[in-house]
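> The following file, final_29.txt, comprises compact mmCIF, C-alpha atoms:
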# COMPACT_ATOMS: atom_id res chain seq x y z
CA ALA K 1 68.24 -12.39 -127.61
CA PRO K 2 66.96 -9.30 -125.79
CA GLY K 3 67.81 -6.09 -127.60
CA SER K 4 68.37 -7.72 -130.98
CA GLY K 5 65.49 -5.89 -132.69
CA LYS K 6 62.68 -8.48 -132.69
CA SER K 7 59.90 -6.05 -131.76
CA THR K 8 61.33 -3.24 -133.87
CA THR K 9 61.49 -5.54 -136.90
CA ALA K 10 57.95 -6.82 -136.27
CA ARG K 11 56.62 -3.27 -136.02
CA ARG K 12 58.33 -2.38 -139.28
CA MET K 13 56.77 -5.44 -140.98
CA MET K 14 53.36 -4.37 -139.67
CA LYS K 15 53.83 -0.83 -140.99
CA THR K 16 55.33 -1.62 -144.39
CA GLU K 17 53.77 -5.00 -145.27
CA GLY K 18 50.51 -5.04 -143.31
CA PHE K 19 51.36 -7.99 -141.07
CA VAL K 20 49.43 -8.55 -137.85
CA TYR K 21 52.03 -7.91 -135.16
CA TYR K 22 51.72 -10.12 -132.07
CA GLU K 23 54.12 -9.42 -129.19
CA GLY K 24 55.05 -12.66 -127.40
CA ASP K 25 56.36 -10.86 -124.31
CA CYS K 26 52.87 -9.40 -123.82
CA PHE K 27 51.42 -12.91 -123.79
CA MET K 28 53.80 -13.85 -120.98
CA SER K 29 52.84 -10.79 -118.95
CA ASN K 30 49.08 -11.15 -119.65
CA LYS K 31 48.96 -7.93 -121.66
CA ASN K 32 47.31 -7.12 -124.98
CA PRO K 33 49.72 -8.63 -127.58
CA TYR K 34 48.51 -6.32 -130.36
CA LEU K 35 50.69 -3.26 -129.99
CA PRO K 36 49.70 -0.19 -132.01
CA LEU K 37 52.03 1.70 -134.31
CA GLN K 38 53.05 4.87 -132.55
CA ASP K 39 56.05 7.15 -132.49
CA ASN K 40 57.38 5.49 -129.34
CA SER K 41 60.02 2.79 -129.24
CA ALA K 42 59.09 -0.88 -129.37
CA ILE K 43 60.05 -1.32 -125.71
CA ASP K 44 57.97 1.70 -124.67
CA ALA K 45 54.98 0.21 -126.51
CA LEU K 46 55.51 -3.08 -124.70
CA VAL K 47 55.67 -1.40 -121.29
CA ALA K 48 52.57 0.71 -122.07
CA ALA K 49 50.49 -2.29 -123.24
CA LYS K 50 47.30 -2.71 -121.27
CA ALA K 51 46.75 -5.69 -119.00
CA LEU K 52 44.10 -8.11 -120.22
CA ARG K 53 41.08 -8.82 -118.07
CA GLY K 54 39.56 -12.21 -117.48
CA ILE K 55 42.75 -14.24 -117.85
CA PRO K 56 42.01 -17.73 -116.49
CA ASN K 57 43.85 -18.59 -113.27
CA ALA K 58 45.45 -21.62 -114.94
CA ARG K 59 47.10 -19.34 -117.53
CA LYS K 60 48.22 -16.87 -114.85
CA GLU K 61 49.82 -19.73 -112.93
CA ALA K 62 51.46 -21.07 -116.09
CA MET K 63 52.92 -17.63 -116.87
CA GLY K 64 54.25 -17.40 -113.30
CA THR K 65 55.96 -20.73 -113.83
CA ALA K 66 57.25 -19.58 -117.22
CA LEU K 67 58.85 -16.49 -115.66
CA LYS K 68 60.65 -18.72 -113.15
CA GLU K 69 61.85 -21.00 -115.96
CA TRP K 70 63.08 -18.00 -118.01
CA SER K 71 64.96 -16.86 -114.92
CA LYS K 72 66.72 -20.23 -114.77
CA PHE K 73 67.60 -19.90 -118.47
CA LYS K 74 68.98 -16.38 -117.94
CA LYS K 75 71.18 -17.67 -115.12
CA GLY K 76 72.59 -20.37 -117.37
CA GLU K 77 70.98 -23.24 -115.48
CA GLU K 78 70.48 -26.42 -117.48
CA ASP K 79 67.27 -27.66 -115.84
CA TYR K 80 64.84 -25.01 -117.20
CA ASN K 81 61.66 -26.11 -119.00
CA LEU K 82 59.92 -23.69 -121.34
CA GLU K 83 57.85 -26.24 -123.26
CA GLU K 84 54.58 -25.43 -121.44
CA PHE K 85 55.04 -21.72 -122.12
CA TYR K 86 55.68 -22.22 -125.85
CA THR K 87 52.78 -24.67 -126.15
CA LEU K 88 50.39 -22.18 -124.54
CA LEU K 89 51.78 -19.33 -126.64
CA CYS K 90 51.32 -21.33 -129.84
CA ASP K 91 47.80 -22.37 -128.86
CA ASN K 92 46.94 -18.70 -128.29
CA ILE K 93 48.46 -17.71 -131.64
CA ILE K 94 46.37 -20.37 -133.41
CA THR K 95 43.19 -19.18 -131.69
CA GLU K 96 43.94 -15.54 -132.43
CA ARG K 97 44.89 -16.18 -136.08
CA GLU K 98 41.56 -17.94 -136.60
CA ARG K 99 39.79 -14.95 -135.07
CA VAL K 100 41.79 -12.14 -136.69
CA GLY K 101 43.10 -13.67 -139.95
CA GLY K 102 45.89 -12.21 -142.05
CA ASP K 103 49.63 -12.76 -142.28
CA TRP K 104 51.36 -12.64 -138.92
CA VAL K 105 54.68 -11.64 -137.44
CA VAL K 106 55.33 -12.75 -133.87
CA ALA K 107 58.12 -11.15 -131.87
CA GLN K 108 59.40 -13.75 -129.43
CA ALA K 109 62.76 -15.22 -128.51
CA VAL K 110 62.94 -18.98 -129.06
CA PRO K 111 66.33 -19.82 -127.59
CA THR K 112 66.93 -23.43 -128.62
CA ARG K 113 66.54 -25.68 -131.60
CA LYS K 114 64.42 -28.05 -129.51
CA LEU K 115 61.98 -25.23 -128.72
CA ARG K 116 61.95 -24.05 -132.35
CA GLU K 117 61.04 -27.61 -133.37
CA LEU K 118 58.24 -27.65 -130.77
CA VAL K 119 56.87 -24.35 -132.07
CA ARG K 120 57.05 -25.57 -135.68
CA SER K 121 55.28 -28.84 -134.74
CA ILE K 122 52.37 -26.82 -133.33
CA LEU K 123 52.18 -23.90 -135.78
CA GLY K 124 52.98 -25.87 -138.91
CA SER K 125 55.41 -25.98 -141.77
CA ASP K 126 54.49 -22.52 -143.12
CA LEU K 127 56.23 -20.98 -140.13
CA VAL K 128 59.39 -19.01 -140.92
CA PHE K 129 61.87 -18.19 -138.18
CA VAL K 130 63.84 -14.99 -138.63
CA VAL K 131 66.96 -15.07 -136.48
CA LEU K 132 68.41 -11.71 -135.50
CA ASP K 133 71.99 -11.82 -134.29
CA LEU K 134 73.75 -8.69 -133.07
CA GLU K 135 77.29 -8.15 -131.92
CA LYS K 136 77.49 -8.01 -128.13
CA GLY K 137 78.51 -4.31 -128.12
CA LEU K 138 75.52 -3.25 -130.20
CA GLN K 139 73.18 -5.36 -128.07
CA GLU K 140 74.56 -3.67 -124.93
CA GLU K 141 74.09 -0.25 -126.55
CA ARG K 142 70.45 -1.07 -127.39
CA LEU K 143 69.68 -2.48 -123.93
CA LYS K 144 71.48 0.04 -121.73
CA PRO K 145 68.69 2.68 -121.86
CA ARG K 146 66.14 0.00 -120.95
CA LEU K 147 68.04 -1.48 -118.05
CA GLY K 148 69.88 1.51 -116.58
CA SER K 149 72.91 -0.10 -115.02
CA PHE K 150 72.17 -3.18 -117.10
CA ASP K 151 72.31 -6.71 -115.83
CA ILE K 152 75.09 -8.64 -117.56
CA LYS K 153 72.90 -11.80 -117.49
CA TYR K 154 71.20 -10.52 -120.64
CA PHE K 155 74.45 -10.78 -122.54
CA ASP K 156 75.49 -14.20 -121.36
CA MET K 157 72.30 -16.14 -122.08
CA LYS K 158 72.97 -19.14 -124.29
CA TYR K 159 70.75 -18.80 -127.36
CA GLU K 160 71.40 -21.57 -129.86
CA ALA K 161 72.00 -20.17 -133.32
CA ALA K 162 69.86 -21.55 -136.11
CA GLN K 163 71.56 -24.53 -137.74
CA GLY K 164 71.94 -25.05 -141.47
CA ASP K 165 69.94 -28.28 -141.37
CA GLU K 166 66.92 -26.73 -139.61
CA GLU K 167 63.79 -26.35 -141.70
CA HIS K 168 63.47 -22.91 -143.26
Show how you would write the structure in this file as structure tokens.


Amino acid sequence: APGSGKSTTARRMMKTEGFVYYEGDCFMSNKNPYLPLQDNSAIDALVAAKALRGIPNARKEAMGTALKEWSKFKKGEEDYNLEEFYTLLCDNIITERERVGGDWVVAQAVPTRKLRELVRSILGSDLVFVVLDLEKGLQEERLKPRLGSFDIKYFDMKYEAAQGDEEH
């Protein structure tokens, strides 16, 4: 969920283990997903990321739709559909991995088992999901500086915990 440390953990893996760090939220906002290591926070790096040029209109439209679907998810609506977003994200990761190479860490929330299974079906069995789960109070503490008078929706989103029978 937001504020659980996905980007912070990914940055640490880039710094200590040499992983290529790809920020999924940048993909959604058509920004450069390769955030540099700096002394700023992970969220400040995300906000400062530069917009990409030459994004095809079809992708821009798909990301607009994805933002609307994420909004439905945040509100607790049942009829959201994030499959197109995750398919496009995975396709971009495959293309970029072929271009860049290396071991990768991708910071991105994947809120349901069904979506994790979709991502795994596209990216392959070598994929490892790392699930970060914080207590609500700590999550609020981490998000409050980002959101000012924070929106409680961030704390009530229904992320499905990883199940014991999911592939590891």

> For range 73-88 of chain K, find every residue with an atom within 12 Å (counting only C-alpha atoms), except residues of its own chain fewer than 6 positions away, and show them as JSON, numbers by chain.

{"K": [1, 2, 24, 25, 27, 28, 29, 58, 59, 60, 61, 62, 63, 64, 65, 66, 67, 94, 95, 108, 109, 110, 111, 112, 114, 115, 116, 117, 118, 119, 120, 121, 122, 123, 151, 152, 153, 154, 155, 156, 157, 158, 159]}

> Which residue gives the smallest distance to Gly102 in chain K among K:Leu37, K:Tyr22, K:Ser7, K:Ala162, with all atoms listed in the file counted?

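Checking each of K:Leu37, K:Tyr22, K:Ser7, K:Ala162 against Gly102 in chain K, counting all atoms listed in the file, the winner is K:Tyr22.
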
> Of the residues K:Gln163, K:Asn32, K:Thr16, K:Ser4, which is the one nearest to Leu52 in chain K, using only C-alpha atoms?

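Ranking K:Gln163, K:Asn32, K:Thr16, K:Ser4 by distance to Leu52 in chain K, first place goes to K:Asn32.
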
> What's the separation between CA of Gly137 in chain K and CA of Glu160 in chain K, in Å to one decimal place?

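Those two atoms sit 18.7 Å apart.
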
> State, in Å with one decimal place, the distance from CA of Arg11 in chain K to CA of Lys31 in chain K.

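Result for CA of Arg11 in chain K versus CA of Lys31 in chain K: 16.9 Å, one decimal.
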
> In Å, rounded to a single decimal, give me how far CA of Met13 in chain K is from CA of Pro33 in chain K.

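According to the coordinates, CA of Pro33 in chain K and CA of Met13 in chain K are separated by 15.5 Å.
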
> Nearest residue to Gly5 in chain K out of K:Val131, K:Val47, K:Cys26, K:Val20, using only C-alpha atoms?

K:Val131

> Taking into account only C-alpha atoms, which residue in the set K:Ile55, K:Ala107, K:Leu138, K:Cys90 is nearest to Tyr34 in chain K?

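Closest candidate: K:Ala107.
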